[in-house]
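Student: Input file: target28.txt. Contents: compact mmCIF, C-alpha atoms and all ligand atoms.
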# COMPACT_ATOMS: atom_id res chain seq x y z
CA MET A 1020 0.00 0.00 0.00
CA VAL A 1021 1.24 3.45 -0.84
CA TRP A 1022 -0.58 5.60 1.65
CA PHE A 1023 0.17 9.16 0.63
CA ASP A 1024 0.31 8.69 -3.16
CA ARG A 1025 -2.42 11.22 -4.01
CA ILE A 1026 -1.03 13.83 -1.65
CA ARG A 1027 2.41 13.34 -3.17
CA GLU A 1028 1.01 14.12 -6.61
CA ALA A 1029 -1.27 16.98 -5.57
CA ASP A 1030 0.73 18.72 -2.89
CA PRO A 1031 4.42 17.82 -2.66
CA GLU A 1032 5.00 20.44 0.05
CA LEU A 1033 2.42 18.90 2.40
CA PHE A 1034 3.54 15.40 1.38
CA GLY A 1035 7.06 16.18 2.56
CA MET A 1036 5.77 17.23 5.97
CA LEU A 1037 3.64 14.10 6.38
CA VAL A 1038 6.62 11.92 5.51
CA GLU A 1039 8.76 13.76 8.06
CA GLU A 1040 6.18 13.19 10.79
CA LEU A 1041 5.87 9.50 9.89
CA LYS A 1042 9.66 9.21 10.12
CA ARG A 1043 9.65 10.97 13.50
CA GLN A 1044 7.05 8.53 14.82
CA ARG A 1045 8.97 5.56 13.47
CA GLU A 1046 12.44 6.58 14.56
CA GLY A 1047 11.66 7.80 18.07
CA LEU A 1048 10.20 6.43 21.28
CA GLU A 1049 6.74 7.94 21.77
CA MET A 1050 6.25 8.22 25.52
CA ILE A 1051 3.62 10.94 25.95
CA PRO A 1052 1.04 8.97 27.97
CA SER A 1053 -1.93 10.48 26.11
CA GLU A 1054 -0.68 9.40 22.69
CA ASN A 1055 -0.93 6.12 20.85
CA PHE A 1056 -0.76 4.56 17.38
CA THR A 1057 -4.15 3.66 15.91
CA SER A 1058 -4.66 0.64 13.73
CA MET A 1059 -4.73 1.04 9.96
CA ALA A 1060 -8.46 0.21 10.13
CA VAL A 1061 -9.09 3.22 12.38
CA MET A 1062 -6.98 5.45 10.14
CA GLN A 1063 -8.82 4.31 7.05
CA ALA A 1064 -12.20 5.00 8.68
CA VAL A 1065 -11.05 8.52 9.55
CA GLY A 1066 -9.73 9.04 6.03
CA SER A 1067 -12.98 7.89 4.42
CA VAL A 1068 -15.83 9.47 2.44
CA LEU A 1069 -17.62 10.15 5.71
CA THR A 1070 -15.66 13.37 6.01
CA ASN A 1071 -17.96 14.72 3.27
CA LYS A 1072 -21.20 14.54 5.22
CA TYR A 1073 -23.20 16.87 7.46
CA SER A 1074 -25.54 15.26 9.97
CA GLU A 1075 -26.62 17.66 12.72
CA GLY A 1076 -28.94 15.89 15.12
CA TYR A 1077 -29.07 12.28 16.19
CA SER A 1078 -29.86 9.01 14.49
CA GLY A 1079 -33.36 9.17 12.95
CA LYS A 1080 -33.65 12.89 13.87
CA ARG A 1081 -31.29 14.73 11.52
CA TYR A 1082 -31.58 18.19 10.04
CA TYR A 1083 -30.13 17.15 6.66
CA GLY A 1084 -31.03 14.43 4.20
CA GLY A 1085 -28.88 11.52 3.09
CA ASN A 1086 -28.05 10.30 6.57
CA GLN A 1087 -29.31 6.72 6.30
CA PHE A 1088 -25.80 5.24 6.45
CA ILE A 1089 -24.43 7.81 8.91
CA ASP A 1090 -27.30 6.82 11.22
CA LYS A 1091 -26.23 3.19 11.04
CA ILE A 1092 -22.60 4.05 11.72
CA GLU A 1093 -23.43 6.26 14.70
CA ARG A 1094 -25.77 3.61 16.12
CA LEU A 1095 -23.01 1.02 15.72
CA ALA A 1096 -20.51 3.18 17.61
CA ILE A 1097 -23.07 3.84 20.36
CA ALA A 1098 -23.98 0.16 20.71
CA ARG A 1099 -20.30 -0.79 20.96
CA ALA A 1100 -19.60 1.92 23.54
CA LYS A 1101 -22.58 0.84 25.67
CA ALA A 1102 -21.55 -2.82 25.53
CA LEU A 1103 -17.86 -2.18 26.24
CA PHE A 1104 -18.37 0.19 29.18
CA VAL A 1105 -21.62 -1.44 30.37
CA VAL A 1106 -23.70 1.75 30.38
CA PRO A 1107 -27.26 2.45 29.18
CA HIS A 1108 -26.47 5.62 27.22
CA ALA A 1109 -23.59 6.91 25.10
CA ASN A 1110 -23.08 10.03 23.02
CA VAL A 1111 -20.23 9.65 20.52
CA GLN A 1112 -20.39 13.12 18.98
CA PRO A 1113 -18.09 15.28 21.16
CA TYR A 1114 -15.22 16.64 19.08
CA SER A 1115 -12.71 15.97 21.83
CA GLY A 1116 -12.28 15.77 25.60
CA SER A 1117 -12.62 19.46 26.45
CA PRO A 1118 -15.92 19.94 24.57
CA ALA A 1119 -17.19 16.66 26.07
CA ASN A 1120 -16.49 17.93 29.56
CA PHE A 1121 -17.96 21.33 28.79
CA ALA A 1122 -21.14 19.64 27.57
CA VAL A 1123 -21.42 17.99 30.99
CA TYR A 1124 -21.28 21.42 32.65
CA MET A 1125 -23.87 22.72 30.18
CA ALA A 1126 -26.17 19.81 30.99
CA LEU A 1127 -25.91 20.17 34.78
CA CYS A 1128 -24.70 23.59 35.92
CA LYS A 1129 -25.56 27.26 35.73
CA PRO A 1130 -22.84 29.92 35.70
CA GLY A 1131 -21.71 30.58 39.28
CA ASP A 1132 -22.52 27.06 40.50
CA THR A 1133 -19.90 25.34 42.63
CA ILE A 1134 -17.94 22.48 41.08
CA MET A 1135 -15.05 20.33 42.31
CA GLY A 1136 -12.16 18.62 40.54
CA GLN A 1137 -8.59 17.54 41.14
CA ASN A 1138 -6.30 20.57 41.22
CA LEU A 1139 -4.33 20.98 37.98
CA THR A 1140 -0.91 21.02 39.62
CA ASP A 1141 -1.92 17.92 41.58
CA GLY A 1142 -2.48 16.07 38.33
CA GLY A 1143 -5.96 17.33 37.42
CA HIS A 1144 -7.21 18.55 34.05
CA LEU A 1145 -7.77 22.12 32.88
CA THR A 1146 -11.45 21.45 32.26
CA HIS A 1147 -12.06 20.29 35.82
CA GLY A 1148 -12.16 23.90 37.01
CA TRP A 1149 -8.65 25.30 36.60
CA LYS A 1150 -8.53 29.09 36.78
CA THR A 1151 -7.32 29.70 33.20
CA SER A 1152 -10.03 27.43 31.70
CA VAL A 1153 -13.54 28.70 31.04
CA THR A 1154 -14.63 26.06 33.57
CA GLY A 1155 -12.73 27.91 36.31
CA LYS A 1156 -14.10 31.28 35.19
CA LEU A 1157 -17.79 30.43 34.74
CA PHE A 1158 -18.10 28.25 37.83
CA ASN A 1159 -17.03 28.52 41.44
CA SER A 1160 -14.23 25.96 41.39
CA VAL A 1161 -13.20 24.30 44.64
CA PRO A 1162 -10.23 22.02 43.90
CA TYR A 1163 -9.20 19.01 45.92
CA HIS A 1164 -5.57 17.94 46.16
CA VAL A 1165 -3.21 15.01 46.63
CA ARG A 1166 -1.55 14.21 49.95
CA PRO A 1167 2.20 14.64 50.47
CA ASP A 1168 2.64 11.01 49.36
CA GLY A 1169 1.04 11.89 45.99
CA TYR A 1170 -2.23 9.94 46.48
CA ILE A 1171 -5.62 11.71 46.21
CA ASP A 1172 -6.60 13.19 49.57
CA ILE A 1173 -10.07 11.68 49.79
CA ASP A 1174 -10.62 13.05 53.31
CA GLU A 1175 -10.02 16.59 52.06
CA ALA A 1176 -12.32 15.96 49.06
CA ARG A 1177 -15.09 14.74 51.42
CA ARG A 1178 -14.69 17.72 53.75
CA LEU A 1179 -14.66 20.22 50.85
CA ALA A 1180 -17.75 18.63 49.29
CA LYS A 1181 -19.64 18.80 52.59
CA GLU A 1182 -18.63 22.42 53.17
CA ASN A 1183 -19.23 23.66 49.62
CA ARG A 1184 -22.08 21.45 48.33
CA PRO A 1185 -20.91 21.34 44.67
CA VAL A 1186 -23.39 20.63 41.89
CA LEU A 1187 -20.78 18.57 40.07
CA ILE A 1188 -17.66 16.66 41.15
CA TRP A 1189 -15.03 15.33 38.74
CA VAL A 1190 -12.90 12.28 39.38
CA GLY A 1191 -10.15 11.49 36.88
CA SER A 1192 -7.10 13.41 35.77
CA THR A 1193 -4.16 13.67 33.41
CA ALA A 1194 -1.12 13.21 35.58
CA TYR A 1195 -2.02 10.70 38.26
CA THR A 1196 -0.34 7.33 38.39
CA ARG A 1197 -2.56 5.48 40.87
CA ARG A 1198 -5.99 3.89 40.87
CA PHE A 1199 -8.82 6.41 41.10
CA PRO A 1200 -10.95 5.98 44.23
CA PHE A 1201 -14.25 5.85 42.30
CA GLU A 1202 -16.13 4.13 45.08
CA GLU A 1203 -15.17 6.71 47.72
CA PHE A 1204 -16.10 9.57 45.38
CA GLY A 1205 -19.42 7.81 44.75
CA GLU A 1206 -20.10 7.88 48.50
CA ILE A 1207 -19.17 11.57 48.68
CA ALA A 1208 -21.55 12.37 45.81
CA ASP A 1209 -24.32 10.38 47.51
CA GLU A 1210 -23.71 12.14 50.84
CA THR A 1211 -23.75 15.64 49.32
CA GLY A 1212 -26.25 15.26 46.47
CA ALA A 1213 -23.68 16.16 43.79
CA TYR A 1214 -23.52 14.74 40.30
CA LEU A 1215 -20.33 12.73 39.91
CA ALA A 1216 -18.55 12.58 36.56
CA ALA A 1217 -15.56 10.31 35.93
CA ASP A 1218 -13.24 11.61 33.23
CA ILE A 1219 -11.48 8.40 32.24
CA SER A 1220 -9.77 9.83 29.16
CA HIS A 1221 -6.38 8.51 30.16
CA ILE A 1222 -7.45 5.11 31.40
CA SER A 1223 -10.44 4.17 29.24
CA GLY A 1224 -8.39 1.53 27.40
CA LEU A 1225 -7.34 0.09 30.75
CA VAL A 1226 -10.97 0.04 31.91
CA ALA A 1227 -12.04 -1.62 28.64
CA GLY A 1228 -9.22 -4.14 29.02
CA GLY A 1229 -10.15 -4.90 32.62
CA VAL A 1230 -6.94 -3.63 34.26
CA HIS A 1231 -8.46 -0.60 35.96
CA GLN A 1232 -11.70 -0.70 37.91
CA SER A 1233 -14.63 0.69 35.92
CA PRO A 1234 -16.32 3.74 37.46
CA ALA A 1235 -19.73 2.75 35.98
CA LYS A 1236 -21.23 1.51 39.28
CA PHE A 1237 -20.20 4.56 41.26
CA VAL A 1238 -20.62 7.65 39.06
CA HIS A 1239 -23.47 9.25 37.11
CA ILE A 1240 -21.55 10.25 34.00
CA ILE A 1241 -18.39 9.04 32.28
CA THR A 1242 -16.45 11.09 29.77
CA THR A 1243 -13.48 9.88 27.77
CA THR A 1244 -11.39 10.84 24.84
CA THR A 1245 -11.02 8.02 22.36
CA HIS A 1246 -7.40 8.42 21.28
CA LYS A 1247 -5.38 7.65 24.39
CA THR A 1248 -5.17 4.13 25.86
CA LEU A 1249 -8.39 3.32 23.97
CA ARG A 1250 -6.30 3.66 20.78
CA GLY A 1251 -8.99 5.17 18.57
CA PRO A 1252 -9.15 8.39 16.56
CA ARG A 1253 -9.11 11.85 18.14
CA GLY A 1254 -12.60 12.23 19.55
CA ALA A 1255 -14.59 11.73 22.72
CA MET A 1256 -17.68 10.15 24.24
CA ILE A 1257 -20.03 10.96 27.10
CA MET A 1258 -21.76 8.05 28.78
CA VAL A 1259 -24.59 8.02 31.31
CA THR A 1260 -24.62 5.18 33.83
CA GLU A 1261 -27.52 3.27 35.45
CA LYS A 1262 -26.73 5.19 38.62
CA GLY A 1263 -26.97 8.44 36.63
CA LEU A 1264 -30.41 7.54 35.26
CA GLU A 1265 -31.58 6.55 38.76
CA LYS A 1266 -30.54 9.93 40.11
CA ASP A 1267 -31.94 11.83 37.12
CA PRO A 1268 -34.08 9.92 34.59
CA GLY A 1269 -33.65 12.78 32.09
CA LEU A 1270 -29.87 12.83 32.29
CA ASP A 1271 -29.35 11.09 28.93
CA ASP A 1272 -31.50 13.68 27.19
CA LYS A 1273 -29.78 16.57 29.00
CA ILE A 1274 -26.37 15.32 27.85
CA ASP A 1275 -27.50 14.86 24.24
CA LYS A 1276 -29.05 18.33 24.12
CA ALA A 1277 -25.95 19.88 25.66
CA VAL A 1278 -23.74 18.34 22.94
CA PHE A 1279 -26.15 19.26 20.13
CA PRO A 1280 -27.55 21.86 19.73
CA GLY A 1281 -26.06 23.27 22.93
CA LEU A 1282 -22.39 23.25 22.08
CA GLN A 1283 -21.60 21.68 18.74
CA GLY A 1284 -22.80 21.62 15.16
CA GLY A 1285 -22.40 18.68 12.81
CA PRO A 1286 -20.69 15.63 14.24
CA HIS A 1287 -17.45 14.45 12.63
CA ASP A 1288 -18.89 11.32 11.07
CA HIS A 1289 -15.50 10.05 9.84
CA VAL A 1290 -14.32 10.14 13.44
CA THR A 1291 -17.49 8.38 14.60
CA ALA A 1292 -16.59 5.56 12.20
CA GLY A 1293 -13.05 5.50 13.59
CA ILE A 1294 -14.49 5.29 17.11
CA ALA A 1295 -16.70 2.38 16.05
CA ALA A 1296 -13.66 0.57 14.60
CA ALA A 1297 -11.59 1.22 17.74
CA LEU A 1298 -14.39 0.03 20.05
CA LEU A 1299 -14.61 -3.26 18.16
CA GLU A 1300 -10.85 -3.70 18.55
CA ALA A 1301 -11.08 -2.83 22.25
CA SER A 1302 -13.70 -5.53 22.82
CA LYS A 1303 -11.36 -8.32 21.71
CA PRO A 1304 -9.24 -10.54 23.98
CA GLU A 1305 -6.05 -9.24 22.29
CA PHE A 1306 -6.91 -5.76 23.53
CA SER A 1307 -7.22 -7.02 27.09
CA GLU A 1308 -3.77 -8.50 26.74
CA TYR A 1309 -2.56 -5.17 25.32
CA ALA A 1310 -4.01 -3.28 28.30
CA LYS A 1311 -2.33 -5.67 30.74
CA GLN A 1312 0.98 -5.25 28.95
CA ILE A 1313 0.67 -1.43 29.12
CA VAL A 1314 0.53 -1.66 32.91
CA ARG A 1315 3.27 -4.30 33.14
CA ASN A 1316 5.43 -2.05 30.98
CA ALA A 1317 4.73 1.04 33.08
CA ARG A 1318 5.67 -0.88 36.23
CA ALA A 1319 8.86 -2.15 34.59
CA LEU A 1320 9.71 1.38 33.45
CA ALA A 1321 9.10 2.75 36.96
CA SER A 1322 11.26 0.07 38.47
CA SER A 1323 14.09 0.72 35.98
CA LEU A 1324 13.97 4.48 36.61
CA ASP A 1325 13.94 3.91 40.36
CA SER A 1326 16.90 1.57 40.27
CA ASN A 1327 18.76 4.11 38.13
CA GLY A 1328 18.34 6.80 40.78
CA ILE A 1329 15.29 8.69 39.47
CA ARG A 1330 12.60 9.78 41.95
CA LEU A 1331 8.94 9.14 41.04
CA VAL A 1332 5.79 10.80 42.34
CA THR A 1333 4.05 8.19 44.58
CA GLY A 1334 7.11 5.99 44.06
CA GLY A 1335 5.61 4.04 41.16
CA THR A 1336 2.48 3.40 39.14
CA ASP A 1337 -0.76 1.39 38.91
CA ASN A 1338 -1.59 2.48 35.37
CA HIS A 1339 0.04 3.47 32.07
CA MET A 1340 1.91 6.47 33.37
CA VAL A 1341 4.97 7.41 35.38
CA LEU A 1342 5.59 10.90 36.76
CA ILE A 1343 9.24 11.78 37.38
CA ASP A 1344 9.99 14.19 40.20
CA LEU A 1345 13.01 16.20 39.08
CA THR A 1346 13.31 18.36 42.19
CA PRO A 1347 16.57 16.62 43.22
CA MET A 1348 18.02 18.02 39.95
CA GLY A 1349 17.10 21.60 40.80
CA ARG A 1350 14.34 24.12 40.17
CA GLY A 1351 12.21 24.07 36.99
CA THR A 1352 14.30 21.46 35.21
CA GLY A 1353 11.44 19.79 33.32
CA ILE A 1354 12.11 21.86 30.22
CA PHE A 1355 15.79 20.85 30.10
CA VAL A 1356 15.02 17.18 30.51
CA GLN A 1357 12.18 17.28 27.94
CA GLU A 1358 14.49 18.91 25.39
CA ALA A 1359 17.35 16.51 26.12
CA LEU A 1360 14.98 13.57 25.69
CA ASP A 1361 13.61 15.08 22.48
CA TYR A 1362 17.17 15.29 21.21
CA VAL A 1363 17.82 11.60 21.86
CA GLY A 1364 14.50 10.64 20.25
CA ILE A 1365 12.38 10.03 23.36
CA THR A 1366 9.21 12.14 23.21
CA THR A 1367 7.76 13.09 26.60
CA ASN A 1368 6.22 16.13 28.20
CA LYS A 1369 7.31 18.34 31.04
CA ASN A 1370 4.66 18.45 33.70
CA THR A 1371 3.98 19.96 37.08
CA ILE A 1372 4.29 17.71 40.09
CA PRO A 1373 2.33 18.09 43.35
CA ASN A 1374 3.61 21.12 45.29
CA ASP A 1375 5.83 22.04 42.38
CA PRO A 1376 8.42 24.57 43.58
CA SER A 1377 8.54 26.04 40.06
CA SER A 1378 5.80 27.21 37.66
CA ALA A 1379 3.39 25.44 35.28
CA PHE A 1380 5.43 26.70 32.32
CA TYR A 1381 8.76 25.62 33.80
CA PRO A 1382 7.65 22.68 35.91
CA SER A 1383 9.71 20.15 37.86
CA GLY A 1384 8.35 16.93 36.45
CA ILE A 1385 8.34 14.72 33.36
CA ARG A 1386 5.29 12.65 32.45
CA LEU A 1387 5.91 9.36 30.67
CA GLY A 1388 3.60 6.65 29.40
CA THR A 1389 3.76 3.23 27.85
CA PRO A 1390 0.62 2.92 25.62
CA ALA A 1391 2.32 3.78 22.31
CA LEU A 1392 5.45 1.70 22.94
CA THR A 1393 3.25 -1.23 23.96
CA THR A 1394 1.32 -0.92 20.70
CA ARG A 1395 4.68 -1.14 18.98
CA GLY A 1396 5.30 -4.49 20.64
CA MET A 1397 7.77 -3.48 23.33
CA LYS A 1398 7.78 -5.37 26.61
CA GLU A 1399 9.44 -5.30 30.05
CA LYS A 1400 12.90 -5.98 28.62
CA GLU A 1401 12.74 -2.85 26.47
CA MET A 1402 11.28 -0.81 29.36
CA ASP A 1403 14.28 -1.73 31.47
CA ILE A 1404 16.61 -0.45 28.73
CA ILE A 1405 14.54 2.68 28.11
CA GLY A 1406 14.39 3.53 31.85
CA ALA A 1407 18.19 3.41 31.96
CA MET A 1408 18.47 5.57 28.82
CA ILE A 1409 16.10 8.17 30.30
CA ALA A 1410 18.08 8.23 33.56
CA ARG A 1411 21.35 8.70 31.65
CA SER A 1412 19.81 11.58 29.68
CA ILE A 1413 18.58 13.23 32.88
CA PHE A 1414 21.98 12.97 34.53
CA ALA A 1415 23.63 14.21 31.33
CA VAL A 1416 21.89 17.59 31.78
CA LYS A 1417 22.16 17.76 35.57
CA GLY A 1418 23.21 21.18 36.78
CA TYR A 1419 21.00 23.19 34.42
CA GLU A 1420 18.53 25.07 36.57
CA MET A 1421 16.02 27.75 35.57
CA PRO A 1422 17.27 31.24 36.55
CA GLU A 1423 15.17 33.05 39.16
CA ALA A 1424 15.03 36.25 37.06
CA LYS A 1425 12.50 35.96 34.25
CA GLU A 1426 14.57 38.13 31.88
CA ASP A 1427 17.50 35.70 32.10
CA ARG A 1428 15.50 32.61 31.17
CA GLN A 1429 15.31 32.77 27.35
CA GLY A 1430 19.06 33.34 26.97
CA TYR A 1431 19.78 30.50 29.37
CA ILE A 1432 17.52 28.13 27.44
CA MET A 1433 19.26 29.08 24.16
CA THR A 1434 22.67 28.30 25.67
CA PHE A 1435 21.30 25.01 26.97
CA ARG A 1436 20.02 24.07 23.50
CA GLU A 1437 23.45 24.66 21.99
CA SER A 1438 25.04 22.49 24.67
CA ILE A 1439 22.76 19.54 23.93
CA SER A 1440 24.17 18.95 20.48
CA LYS A 1441 27.70 18.78 21.92
CA ASN A 1442 26.87 16.38 24.74
CA ALA A 1443 28.66 13.05 24.15
CA GLU A 1444 26.41 11.02 26.47
CA LEU A 1445 23.25 12.30 24.74
CA ALA A 1446 24.78 11.47 21.35
CA LYS A 1447 25.36 7.90 22.54
CA VAL A 1448 21.81 7.51 23.87
CA ARG A 1449 20.47 8.91 20.59
CA GLU A 1450 22.21 6.14 18.66
CA GLU A 1451 20.87 3.50 21.05
CA VAL A 1452 17.30 4.85 20.71
CA ALA A 1453 17.54 4.71 16.91
CA ALA A 1454 18.82 1.12 17.05
CA LEU A 1455 16.02 0.05 19.40
CA CYS A 1456 13.33 1.66 17.22
CA SER A 1457 14.59 -0.07 14.10
CA SER A 1458 13.79 -3.45 15.72
CA PHE A 1459 10.11 -2.44 16.22
CA PRO A 1460 8.80 -1.31 12.82
CA LEU A 1461 5.85 1.05 12.88
CA TYR A 1462 3.20 0.97 10.13
CA PRO A 1463 5.20 -1.26 7.76
CA GLU A 1464 2.17 -1.12 5.41
CA ILE A 1465 2.82 2.57 4.80
CA ARG A 1466 5.56 3.19 2.29
N1 LIG A 1501 -3.65 16.83 26.49
C1 LIG A 1501 -4.15 15.73 27.27
C2 LIG A 1501 -3.05 15.00 27.95
O1 LIG A 1501 -1.96 14.98 27.44
O2 LIG A 1501 -3.27 14.42 29.00
C3 LIG A 1501 -5.19 16.13 28.21
O3 LIG A 1501 -6.09 17.00 27.63
Rewrite the structure from the file as structure tokens, please.
Ligand code: DSN
Tutor:
Amino acid sequence: MVWFDRIREADPELFGMLVEELKRQREGLEMIPSENFTSMAVMQAVGSVLTNKYSEGYSGKRYYGGNQFIDKIERLAIARAKALFVVPHANVQPYSGSPANFAVYMALCKPGDTIMGQNLTDGGHLTHGWKTSVTGKLFNSVPYHVRPDGYIDIDEARRLAKENRPVLIWVGSTAYTRRFPFEEFGEIADETGAYLAADISHISGLVAGGVHQSPAKFVHIITTTTHKTLRGPRGAMIMVTEKGLEKDPGLDDKIDKAVFPGLQGGPHDHVTAGIAAALLEASKPEFSEYAKQIVRNARALASSLDSNGIRLVTGGTDNHMVLIDLTPMGRGTGIFVQEALDYVGITTNKNTIPNDPSSAFYPSGIRLGTPALTTRGMKEKEMDIIGAMIARSIFAVKGYEMPEAKEDRQGYIMTFRESISKNAELAKVREEVAALCSSFPLYPEIR
């Protein structure tokens, strides 16, 4: 198969860029925990004729004609989502995670209402009420935190919920490496009358594969993106649970109306087809094995980092993610480590850690994940090697620390960037990364 042949003919400039990105994905280690490699089936669904269609509304109730096949495809995606996550209602139209979460607010809250979510710098997500997100501006956001050991402080969450009586509580986050206490949050919601929404964007593939507890019994609503551990296209879903319908029999309708016409226009039908394809894949025994391997790999990576002298938030992981605490290396060193790792071909992201002594832009952590490498076929043996390579890269840039004075920072970063290309240890790791990647071909069908 020659994948980009028509683009090559029609638009050589764009073709060149696509080829470069494919090469980057093939020749590097993709370790951003929210990224993955979809199957060719998912990519073909997303690149299909469905991108041509408009279909505002829902199956059987559309505003445009010609939707007889779109209706079938959307119903298929919904049926698969309901079966996989064992819920009575699913909406597969949200464009991505942030609009999905905002639709939940639109369905349940009025401006000024109190909401609760995990604090951003404690691992939470922007859309769970952080001050720079519209969700922190429109609503009275009362964040809960993690304890000094890095685990969610459920006692604080309970106390804050009782004191503040939120309309909506979020459980789920983007930089948390332990099991989410869904059951305890369910009790808090029951005790305070709040709606409880689980945002399982990061772990939905682990839930589908049976390696993380499902929140379905404990929460009213579940949101998830579809492109992280679930390994589908970029999109999202909102699901309503049995518990949600018991609390509010009109909740399914409220969610649907909030998505359309409340927030969005026409659904991205090509993505809906990709979601349907991914959900079928996720229902198979091979996917369960994949999910288990993601977690085994994350544990092996954590153990390798630990034995190579790298400190981890909470000391390890229960899921697909590891959060490195770089504070022993100095203040605000996440940017230096991210850039050094980029140089050697390991793609990660700098991230805040709980009680970060630096800022969100120059944080003191690095977030790593194993979903994409696991898709590529890597196992514990490779994680052990990769953990050691990451530790060597971190120590290779030890001593670089973000200047206190803001005006000195850009110049310092420029000097650092120049130094990377002259660093002999990083050059060695870069060669080792390239050799490792060449043994795990990515998308061999694409040429
Ligand atoms: N950008 C996503 C992540 O990386 O976790 C969250 O929105």
Student: May I have the residues within 7 Å of ligand LIG 1501 (chain A), computed using all atoms listed in the file, as a ChimeraX atom specification?
Tutor: /A:1052-1053,1116,1144,1193,1221
Student: For the atom pair atom CA of Val1111 of chain A and atom CA of His1239 of chain A, what is the interatomic distance in Å to one decimal place?
Tutor: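 The value is 16.9 Å.
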Student: Choose the residue, out of A:Gln1087, A:Val1190, A:Arg1315, A:Phe1279, that has the smallest atom-to-atom separation from Ser1220 of chain A; count all atoms listed in the file.
Tutor: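 Residue with the minimum atom-to-atom distance to Ser1220 of chain A: A:Val1190.
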Student: Counting all atoms listed in the file, what is within 8 Å of Gly1281 of chain A, bar same-chain residues fewer than 3 positions away, as a list of chain:residue names?
Tutor: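 That gives A:Ala1122, A:Met1125, A:Lys1276, A:Ala1277, A:Val1278.
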Student: From (-1.2, 9.1, 40.5), in the file's coordinates, out to 9 Å: which residues are reached, counting only C-alpha atoms? Answer as a tab-separated table (two decimals) with C-alpha atoms, in the frame of the given file.
Tutor:
chain	number	residue	atom	x	y	z
A	1141	ASP	CA	-1.92	17.92	41.58
A	1142	GLY	CA	-2.48	16.07	38.33
A	1165	VAL	CA	-3.21	15.01	46.63
A	1169	GLY	CA	1.04	11.89	45.99
A	1170	TYR	CA	-2.23	9.94	46.48
A	1171	ILE	CA	-5.62	11.71	46.21
A	1192	SER	CA	-7.10	13.41	35.77
A	1193	THR	CA	-4.16	13.67	33.41
A	1194	ALA	CA	-1.12	13.21	35.58
A	1195	TYR	CA	-2.02	10.70	38.26
A	1196	THR	CA	-0.34	7.33	38.39
A	1197	ARG	CA	-2.56	5.48	40.87
A	1198	ARG	CA	-5.99	3.89	40.87
A	1199	PHE	CA	-8.82	6.41	41.10
A	1332	VAL	CA	5.79	10.80	42.34
A	1333	THR	CA	4.05	8.19	44.58
A	1335	GLY	CA	5.61	4.04	41.16
A	1336	THR	CA	2.48	3.40	39.14
A	1337	ASP	CA	-0.76	1.39	38.91
A	1338	ASN	CA	-1.59	2.48	35.37
A	1340	MET	CA	1.91	6.47	33.37
A	1341	VAL	CA	4.97	7.41	35.38
A	1342	LEU	CA	5.59	10.90	36.76
Student: Write segment 1232-1240 of chain A as a PDB file, in the frame of the given file, completed to N, CA, C and O atoms.
Tutor:
ATOM      1  N   GLN A1232     -10.282  -0.591  37.529  1.00  0.00           N
ATOM      2  CA  GLN A1232     -11.700  -0.700  37.910  1.00  0.00           C
ATOM      3  C   GLN A1232     -12.547   0.258  37.062  1.00  0.00           C
ATOM      4  O   GLN A1232     -12.138   1.401  36.817  1.00  0.00           O
ATOM      5  N   SER A1233     -13.721  -0.187  36.650  1.00  0.00           N
ATOM      6  CA  SER A1233     -14.630   0.690  35.920  1.00  0.00           C
ATOM      7  C   SER A1233     -15.354   1.595  36.919  1.00  0.00           C
ATOM      8  O   SER A1233     -15.759   1.143  37.994  1.00  0.00           O
ATOM      9  N   PRO A1234     -15.576   2.865  36.556  1.00  0.00           N
ATOM     10  CA  PRO A1234     -16.320   3.740  37.460  1.00  0.00           C
ATOM     11  C   PRO A1234     -17.840   3.568  37.324  1.00  0.00           C
ATOM     12  O   PRO A1234     -18.601   4.183  38.071  1.00  0.00           O
ATOM     13  N   ALA A1235     -18.303   2.748  36.366  1.00  0.00           N
ATOM     14  CA  ALA A1235     -19.730   2.750  35.980  1.00  0.00           C
ATOM     15  C   ALA A1235     -20.690   2.577  37.151  1.00  0.00           C
ATOM     16  O   ALA A1235     -21.755   3.179  37.177  1.00  0.00           O
ATOM     17  N   LYS A1236     -20.302   1.753  38.165  1.00  0.00           N
ATOM     18  CA  LYS A1236     -21.230   1.510  39.280  1.00  0.00           C
ATOM     19  C   LYS A1236     -21.330   2.689  40.240  1.00  0.00           C
ATOM     20  O   LYS A1236     -22.254   2.777  41.035  1.00  0.00           O
ATOM     21  N   PHE A1237     -20.336   3.564  40.207  1.00  0.00           N
ATOM     22  CA  PHE A1237     -20.200   4.560  41.260  1.00  0.00           C
ATOM     23  C   PHE A1237     -20.512   5.995  40.830  1.00  0.00           C
ATOM     24  O   PHE A1237     -20.708   6.861  41.660  1.00  0.00           O
ATOM     25  N   VAL A1238     -20.483   6.264  39.524  1.00  0.00           N
ATOM     26  CA  VAL A1238     -20.620   7.650  39.060  1.00  0.00           C
ATOM     27  C   VAL A1238     -21.886   7.775  38.212  1.00  0.00           C
ATOM     28  O   VAL A1238     -22.498   6.775  37.829  1.00  0.00           O
ATOM     29  N   HIS A1239     -22.268   9.020  37.919  1.00  0.00           N
ATOM     30  CA  HIS A1239     -23.470   9.250  37.110  1.00  0.00           C
ATOM     31  C   HIS A1239     -23.138   9.406  35.627  1.00  0.00           C
ATOM     32  O   HIS A1239     -23.956   9.078  34.758  1.00  0.00           O
ATOM     33  N   ILE A1240     -21.954   9.947  35.377  1.00  0.00           N
ATOM     34  CA  ILE A1240     -21.550  10.250  34.000  1.00  0.00           C
ATOM     35  C   ILE A1240     -20.097   9.817  33.825  1.00  0.00           C
ATOM     36  O   ILE A1240     -19.294   9.933  34.756  1.00  0.00           O
TER      37      ILE A1240
END
